[in-house]
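Enquirer: My structure file model05.csv, CSV, C-alpha atoms, is below:
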chain,number,residue,atom,x,y,z
A,276,MET,CA,118.2,-16.3,-27.5
A,277,LYS,CA,117.3,-18.6,-30.4
A,278,HIS,CA,114.2,-19.9,-32.0
A,279,ALA,CA,113.7,-23.6,-31.2
A,280,ARG,CA,114.2,-25.8,-34.2
A,281,ILE,CA,111.8,-28.3,-32.7
A,282,LEU,CA,108.9,-26.0,-32.7
A,283,ILE,CA,106.7,-28.3,-34.8
A,284,LEU,CA,107.3,-31.1,-32.4
A,285,ALA,CA,106.9,-29.0,-29.3
A,286,ILE,CA,103.7,-27.1,-30.3
A,287,SER,CA,100.7,-28.6,-32.1
A,288,LEU,CA,98.5,-26.0,-33.8
A,289,PHE,CA,94.8,-26.4,-34.1
A,290,ALA,CA,92.1,-24.5,-35.9
A,291,ALA,CA,91.7,-21.0,-34.5
A,292,LEU,CA,89.0,-20.7,-32.0
A,293,PRO,CA,87.5,-17.5,-30.5
A,294,ALA,CA,88.8,-16.9,-26.9
A,295,ALA,CA,86.2,-16.7,-24.2
A,296,ALA,CA,86.3,-13.5,-22.2
A,297,ARG,CA,88.4,-13.8,-19.1
A,298,GLN,CA,86.6,-13.9,-15.8
A,299,PRO,CA,88.9,-12.0,-13.3
A,300,MET,CA,87.4,-13.9,-10.3
A,301,SER,CA,88.1,-17.3,-11.8
A,302,VAL,CA,91.3,-18.8,-10.4
A,303,ALA,CA,91.6,-21.2,-13.4
A,304,ASP,CA,91.6,-18.3,-15.8
A,305,THR,CA,93.8,-15.9,-13.9
A,306,SER,CA,97.4,-15.6,-14.9
A,307,PRO,CA,99.9,-14.5,-12.2
A,308,VAL,CA,101.6,-11.1,-12.6
A,309,LEU,CA,105.0,-11.5,-14.1
A,310,VAL,CA,107.4,-9.5,-11.9
A,311,GLU,CA,110.9,-9.1,-13.5
A,312,LEU,CA,113.7,-7.7,-11.4
A,313,PHE,CA,116.8,-6.4,-13.1
A,314,ALA,CA,119.7,-6.6,-10.7
A,315,SER,CA,123.5,-6.9,-10.5
A,316,HIS,CA,126.0,-8.5,-8.2
A,317,ASN,CA,127.7,-5.1,-7.9
A,318,CYS,CA,124.5,-3.1,-7.2
A,319,ARG,CA,124.5,-1.9,-3.5
A,320,ALA,CA,120.7,-1.5,-3.5
A,321,CYS,CA,120.0,-4.9,-5.0
A,322,PRO,CA,120.3,-7.0,-1.8
A,323,LYS,CA,117.3,-5.1,-0.3
A,324,ALA,CA,115.4,-5.6,-3.6
A,325,HIS,CA,116.1,-9.4,-3.3
A,326,ARG,CA,114.7,-9.4,0.3
A,327,THR,CA,111.7,-7.3,-0.8
A,328,LEU,CA,110.7,-9.6,-3.6
A,329,ALA,CA,111.4,-12.7,-1.4
A,330,GLU,CA,108.8,-11.2,1.0
A,331,VAL,CA,106.4,-10.6,-1.8
A,332,ASP,CA,106.9,-14.1,-3.2
A,333,SER,CA,106.3,-15.7,0.3
A,334,GLN,CA,103.1,-13.7,0.9
A,335,ARG,CA,101.4,-13.8,-2.5
A,336,ASP,CA,100.3,-16.5,-4.9
A,337,ASP,CA,99.3,-14.2,-7.7
A,338,VAL,CA,102.9,-13.3,-8.8
A,339,LEU,CA,105.6,-15.0,-10.7
A,340,ILE,CA,109.0,-13.4,-10.0
A,341,LEU,CA,112.1,-13.7,-12.2
A,342,THR,CA,115.4,-12.1,-11.6
A,343,TRP,CA,117.5,-11.0,-14.6
A,344,SER,CA,121.2,-10.3,-13.8
A,345,VAL,CA,122.9,-7.6,-15.9
A,346,ASP,CA,126.6,-6.9,-16.5
A,347,TYR,CA,126.9,-3.2,-17.0
A,348,TRP,CA,128.0,-2.6,-13.3
A,349,ASP,CA,130.8,-5.2,-13.6
A,350,TYR,CA,133.4,-2.4,-13.8
A,351,LEU,CA,132.6,-1.6,-10.2
A,352,GLY,CA,133.8,-5.0,-8.9
A,353,GLU,CA,133.7,-8.6,-9.7
A,354,LYS,CA,132.1,-10.0,-12.8
A,355,ASP,CA,128.5,-11.0,-12.2
A,356,PRO,CA,128.4,-14.8,-12.7
A,357,MET,CA,124.6,-14.8,-13.4
A,358,ALA,CA,124.6,-12.0,-16.0
A,359,MET,CA,123.4,-12.8,-19.5
A,360,SER,CA,123.3,-10.7,-22.7
A,361,GLU,CA,119.5,-11.5,-22.9
A,362,SER,CA,119.0,-9.7,-19.6
A,363,LYS,CA,120.5,-6.4,-20.9
A,364,ASP,CA,118.6,-6.6,-24.2
A,365,ARG,CA,115.4,-7.2,-22.4
A,366,GLN,CA,115.9,-4.3,-20.0
A,367,ARG,CA,116.9,-1.9,-22.8
A,368,ALA,CA,113.6,-2.7,-24.6
A,369,TYR,CA,111.8,-1.8,-21.4
A,370,VAL,CA,113.8,1.4,-21.1
A,371,ASP,CA,112.5,2.4,-24.5
A,372,ARG,CA,108.9,1.2,-23.7
A,373,PHE,CA,108.7,3.3,-20.6
A,374,ARG,CA,110.7,6.2,-22.1
A,375,LEU,CA,113.3,6.1,-19.3
A,376,ARG,CA,116.7,8.0,-19.5
A,377,GLY,CA,118.5,4.7,-19.2
A,378,PRO,CA,118.6,1.3,-17.5
A,379,TYR,CA,119.0,1.1,-13.7
A,380,THR,CA,119.1,-1.4,-10.9
A,381,PRO,CA,117.2,-2.6,-9.0
A,382,GLN,CA,114.4,-2.2,-11.5
A,383,THR,CA,111.1,-4.2,-11.4
A,384,VAL,CA,108.8,-4.5,-14.4
A,385,TYR,CA,105.2,-5.8,-14.0
A,386,ASN,CA,103.6,-7.6,-17.0
A,387,GLY,CA,105.5,-5.3,-19.2
A,388,VAL,CA,103.1,-2.4,-18.4
A,389,GLU,CA,104.4,-1.0,-15.1
A,390,GLN,CA,107.9,-0.4,-13.6
A,391,CYS,CA,109.4,0.9,-10.4
A,392,PRO,CA,112.5,0.5,-8.2
A,393,GLY,CA,112.4,-3.0,-6.6
A,394,ASN,CA,113.9,-2.1,-3.2
A,395,LYS,CA,110.9,-0.3,-1.7
A,396,LEU,CA,107.9,-2.5,-0.8
A,397,PRO,CA,105.3,0.2,-0.9
A,398,GLN,CA,106.2,1.0,-4.5
A,399,VAL,CA,106.2,-2.7,-5.4
A,400,GLU,CA,102.8,-3.2,-3.9
A,401,SER,CA,101.5,-0.1,-5.7
A,402,ALA,CA,102.8,-1.3,-9.0
A,403,LEU,CA,101.1,-4.6,-8.5
A,404,GLU,CA,97.8,-2.9,-7.8
A,405,ARG,CA,98.1,-0.8,-10.9
A,406,THR,CA,98.9,-3.8,-13.0
A,407,ASN,CA,95.9,-5.7,-11.7
A,408,ARG,CA,93.7,-2.9,-12.9
A,409,VAL,CA,94.8,-3.3,-16.5
A,410,ALA,CA,92.2,-4.6,-18.9
A,411,PRO,CA,91.9,-8.4,-19.0
A,412,SER,CA,94.3,-10.3,-21.2
A,413,PRO,CA,93.0,-11.8,-24.5
A,414,ALA,CA,95.4,-14.8,-23.9
A,415,HIS,CA,95.0,-17.7,-21.5
A,416,LEU,CA,97.3,-20.5,-20.4
A,417,LYS,CA,96.1,-23.6,-18.7
A,418,ARG,CA,97.1,-27.2,-18.0
A,419,LYS,CA,95.0,-29.7,-19.9
A,420,GLY,CA,95.9,-33.3,-19.4
A,421,GLY,CA,99.7,-33.7,-20.0
A,422,LYS,CA,99.9,-30.6,-22.1
A,423,ILE,CA,99.7,-26.8,-21.7
A,424,GLU,CA,97.0,-25.1,-23.7
A,425,LEU,CA,97.3,-21.5,-25.0
A,426,THR,CA,94.1,-19.9,-26.3
A,427,GLY,CA,93.0,-16.5,-27.3
A,428,ASN,CA,92.6,-13.8,-30.0
A,429,VAL,CA,95.4,-11.4,-30.4
A,430,LYS,CA,95.7,-8.4,-32.8
A,431,GLU,CA,99.5,-8.3,-33.0
A,432,LEU,CA,102.4,-10.8,-33.3
A,433,THR,CA,103.1,-12.4,-29.9
A,434,ASP,CA,106.1,-14.3,-28.7
A,435,ILE,CA,106.2,-17.4,-26.6
A,436,PHE,CA,109.3,-17.7,-24.3
A,437,VAL,CA,110.5,-20.6,-22.2
A,438,ILE,CA,112.6,-19.0,-19.4
A,439,ASP,CA,114.7,-21.4,-17.2
A,440,TYR,CA,115.4,-20.3,-13.6
A,441,LEU,CA,116.8,-21.7,-10.4
A,442,ASP,CA,114.5,-22.5,-7.5
A,443,GLY,CA,114.6,-24.3,-4.2
A,444,ASP,CA,117.7,-26.3,-3.4
A,445,ALA,CA,119.0,-25.6,-6.9
A,446,ASN,CA,119.2,-21.9,-6.2
A,447,PRO,CA,122.3,-21.1,-4.2
A,448,THR,CA,121.8,-17.3,-4.4
A,449,ASP,CA,119.7,-14.8,-2.4
A,450,MET,CA,117.8,-13.9,-5.6
A,451,VAL,CA,114.2,-15.0,-6.3
A,452,HIS,CA,114.2,-17.3,-9.3
A,453,PRO,CA,117.4,-16.1,-11.1
A,454,VAL,CA,117.1,-16.7,-14.8
A,455,THR,CA,119.7,-19.0,-16.4
A,456,HIS,CA,118.5,-19.4,-20.0
A,457,VAL,CA,115.9,-18.1,-22.4
A,458,THR,CA,114.4,-19.8,-25.5
A,459,SER,CA,111.8,-18.4,-28.0
A,460,ILE,CA,109.6,-21.3,-29.2
A,461,GLY,CA,108.1,-19.2,-31.9
A,462,PRO,CA,105.5,-16.5,-32.7
A,463,TRP,CA,101.8,-16.9,-32.0
A,464,LEU,CA,99.0,-15.2,-33.9
A,465,GLY,CA,96.1,-16.4,-31.8
A,466,GLY,CA,93.9,-19.4,-31.9
A,467,ARG,CA,94.6,-22.6,-29.9
A,468,VAL,CA,98.0,-23.9,-29.3
A,469,GLU,CA,99.1,-27.0,-27.4
A,470,ILE,CA,102.5,-26.8,-25.8
A,471,ASP,CA,104.4,-29.9,-24.7
A,472,PRO,CA,105.9,-29.4,-21.2
A,473,SER,CA,109.1,-31.1,-22.4
A,474,VAL,CA,110.2,-27.8,-23.8
A,475,CYS,CA,111.1,-27.0,-20.2
A,476,LYS,CA,114.3,-28.9,-19.3
A,477,SER,CA,114.4,-27.7,-15.7
A,478,THR,CA,112.2,-25.4,-13.6
A,479,CYS,CA,111.0,-22.7,-16.0
A,480,ALA,CA,108.4,-20.1,-16.8
A,481,LEU,CA,106.2,-20.0,-19.9
A,482,VAL,CA,105.7,-16.4,-20.9
A,483,VAL,CA,103.4,-15.1,-23.7
A,484,GLN,CA,104.4,-11.6,-24.5
A,485,GLU,CA,103.6,-9.0,-27.2
A,486,ALA,CA,106.4,-8.8,-29.7
A,487,GLY,CA,109.2,-6.4,-28.9
A,488,PHE,CA,109.0,-7.1,-25.2
A,489,GLY,CA,105.5,-5.5,-24.9
A,490,ARG,CA,102.7,-6.5,-22.5
A,491,VAL,CA,102.9,-9.9,-21.0
A,492,LEU,CA,99.6,-11.6,-21.9
A,493,ALA,CA,100.0,-14.8,-19.9
A,494,ALA,CA,102.6,-16.5,-17.7
A,495,MET,CA,102.8,-19.9,-16.0
A,496,ASP,CA,105.5,-21.6,-14.0
A,497,LEU,CA,106.5,-25.2,-14.8
A,498,PRO,CA,108.2,-27.3,-12.1
A,499,ALA,CA,111.2,-29.4,-12.9
A,500,ARG,CA,110.2,-32.7,-14.5
Rewrite the structure of this file - the entire thing - as structure tokens.

Expert:
Amino acid sequence: MKHARILILAISLFAALPAAARQPMSVADTSPVLVELFASHNCRACPKAHRTLAEVDSQRDDVLILTWSVDYWDYLGEKDPMAMSESKDRQRAYVDRFRLRGPYTPQTVYNGVEQCPGNKLPQVESALERTNRVAPSPAHLKRKGGKIELTGNVKELTDIFVIDYLDGDANPTDMVHPVTHVTSIGPWLGGRVEIDPSVCKSTCALVVQEAGFGRVLAAMDLPAR
């Protein structure tokens, strides 16, 4: 993971503006729940998790699912071709956040505030319900003209990630949106930010998250250009 050197070109900063309170019933202001699945090619329970999340993805339009492949089960079989060091680092941060004994697969994380095994649909649905009851986010992403606008007031340092993933015909796996690359395009301290969609080179997700892989404040998928 690296900070983009073209941050000044990709993001135009404006004077800080107070964020309007989010209206939960407004479609325009509602960010999807970011569901992150941590899985492995060598995990026996993971195929069921992929099927479970594929079902969730097909039935709901209020979720954005990303699959992170980890390599710590590679000793059990073949090397996982989709595994990245960023996946393991991200999951270990969640292990600390949720005070777990250690990482496991298939693990799902919901907006950085809930987690559960990803191979049991009732648990997944329950985690989504709990996540939706969390207080409204102070950050908002929306499309405005040819740009993406991020607004809000935040009390702590916040990261903006561009997460590339495979989708549609470009995805030869049984995973939902397997992640292929992650870029941090810089910290955000609130106010109004305009993001150029060109930061996304393929199909990707734009994720606004409290520093240290904390709560996800906003997420948006960007289709391939």

Enquirer: To one decimal place in Å, what is the distance between CA of Val310 (chain A) and CA of Leu432 (chain A)?

Expert: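 About the pair CA of Val310 (chain A) and CA of Leu432 (chain A): they are 22.0 Å apart.
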
Enquirer: Figure out the distance between CA of Gly466 (chain A) and CA of Ile423 (chain A), please, to one decimal in Å.

Expert: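 Interatomic distance here is 13.9 Å.
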
Enquirer: For Thr433 (chain A), which of A:Ser344, A:Thr448, A:Gln484, A:Asn317 is the closest residue, counting only C-alpha atoms?

Expert: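 For Thr433 (chain A), the nearest of the given residues is A:Gln484.
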
Enquirer: At what distance in Å, to one decimal, does CA of Leu375 (chain A) lie from CA of Ser306 (chain A)?

Expert: 27.3 Å

Enquirer: Residues within 12 Å of Ser401 (chain A), please, as a PyMOL selection string. Count all atoms listed in the file; anything in the same chain fewer than 5 positions from it doesn't count.

Expert: chain A and resi 383+385+389-393+395-396+406-408

Enquirer: Taking 6 positions as the minimum chain separation for residues in the same chain, which residues sit within 12 Å of Val409 (chain A) when counting only C-alpha atoms? Answer as an mmCIF file with C-alpha atoms, in the coordinates of the input.

Expert:
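See selection09.cif below for the written result:
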data_model
loop_
_atom_site.group_PDB
_atom_site.id
_atom_site.type_symbol
_atom_site.label_atom_id
_atom_site.label_comp_id
_atom_site.auth_asym_id
_atom_site.auth_seq_id
_atom_site.Cartn_x
_atom_site.Cartn_y
_atom_site.Cartn_z
ATOM 1 C CA PRO A 299 88.900 -12.000 -13.300
ATOM 2 C CA VAL A 308 101.600 -11.100 -12.600
ATOM 3 C CA TYR A 385 105.200 -5.800 -14.000
ATOM 4 C CA ASN A 386 103.600 -7.600 -17.000
ATOM 5 C CA GLY A 387 105.500 -5.300 -19.200
ATOM 6 C CA VAL A 388 103.100 -2.400 -18.400
ATOM 7 C CA GLU A 389 104.400 -1.000 -15.100
ATOM 8 C CA ALA A 402 102.800 -1.300 -9.000
ATOM 9 C CA LEU A 403 101.100 -4.600 -8.500
ATOM 10 C CA ARG A 490 102.700 -6.500 -22.500
ATOM 11 C CA VAL A 491 102.900 -9.900 -21.000
ATOM 12 C CA LEU A 492 99.600 -11.600 -21.900
#

Enquirer: Which is closest to Arg335 (chain A) among A:Pro307, A:Arg365, A:Leu425, A:Ile470, if we use all atoms listed in the file?

Expert: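 Once distances to Arg335 (chain A) are computed over all atoms listed in the file, the minimum belongs to A:Pro307.
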
Enquirer: Extract, using only C-alpha atoms, all DNA, RNA and protein residues at most 7 Å from Ala324 (chain A), discarding same-chain residues fewer than 4 positions from it, and format them as number ranges by chain.

Expert: A: 320, 328, 381, 393-394

Enquirer: For C-alpha atoms, I'd like the residues from the last selection saved as a PDB file, in the coordinates of the input.

Expert:
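Okay, this is what ended up in out.pdb:
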ATOM      1  CA  ALA A 320     120.700  -1.500  -3.500  1.00  0.00           C
ATOM      2  CA  LEU A 328     110.700  -9.600  -3.600  1.00  0.00           C
ATOM      3  CA  PRO A 381     117.200  -2.600  -9.000  1.00  0.00           C
ATOM      4  CA  GLY A 393     112.400  -3.000  -6.600  1.00  0.00           C
ATOM      5  CA  ASN A 394     113.900  -2.100  -3.200  1.00  0.00           C
TER       6      ASN A 394
END

Enquirer: Pick from A:Phe373, A:Phe436, A:Pro453, A:Arg418: nearest to Ser315 (chain A), with only C-alpha atoms counted?

Expert: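 Once distances to Ser315 (chain A) are computed over only C-alpha atoms, the minimum belongs to A:Pro453.
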
Enquirer: Please determine, counting only C-alpha atoms, which residue among A:Lys422, A:His456, A:His325, A:Arg405 has the shortest atom-to-atom distance to Glu361 (chain A).

Expert: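 Closest residue, counting only C-alpha atoms: A:His456.
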
Enquirer: Could you tell me which of A:Thr380, A:Ala445, A:Val331, A:Lys363 comes closest to Cys318 (chain A) if we count all atoms listed in the file?

Expert: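 Of A:Thr380, A:Ala445, A:Val331, A:Lys363, the one nearest Cys318 (chain A) is A:Thr380, counting all atoms listed in the file.
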
Enquirer: I'd like to know which of A:Thr342, A:Ser459, A:Ser412, A:Asn446 is closest to Val482 (chain A), using all atoms listed in the file.

Expert: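 Closest residue, counting all atoms listed in the file: A:Ser459.
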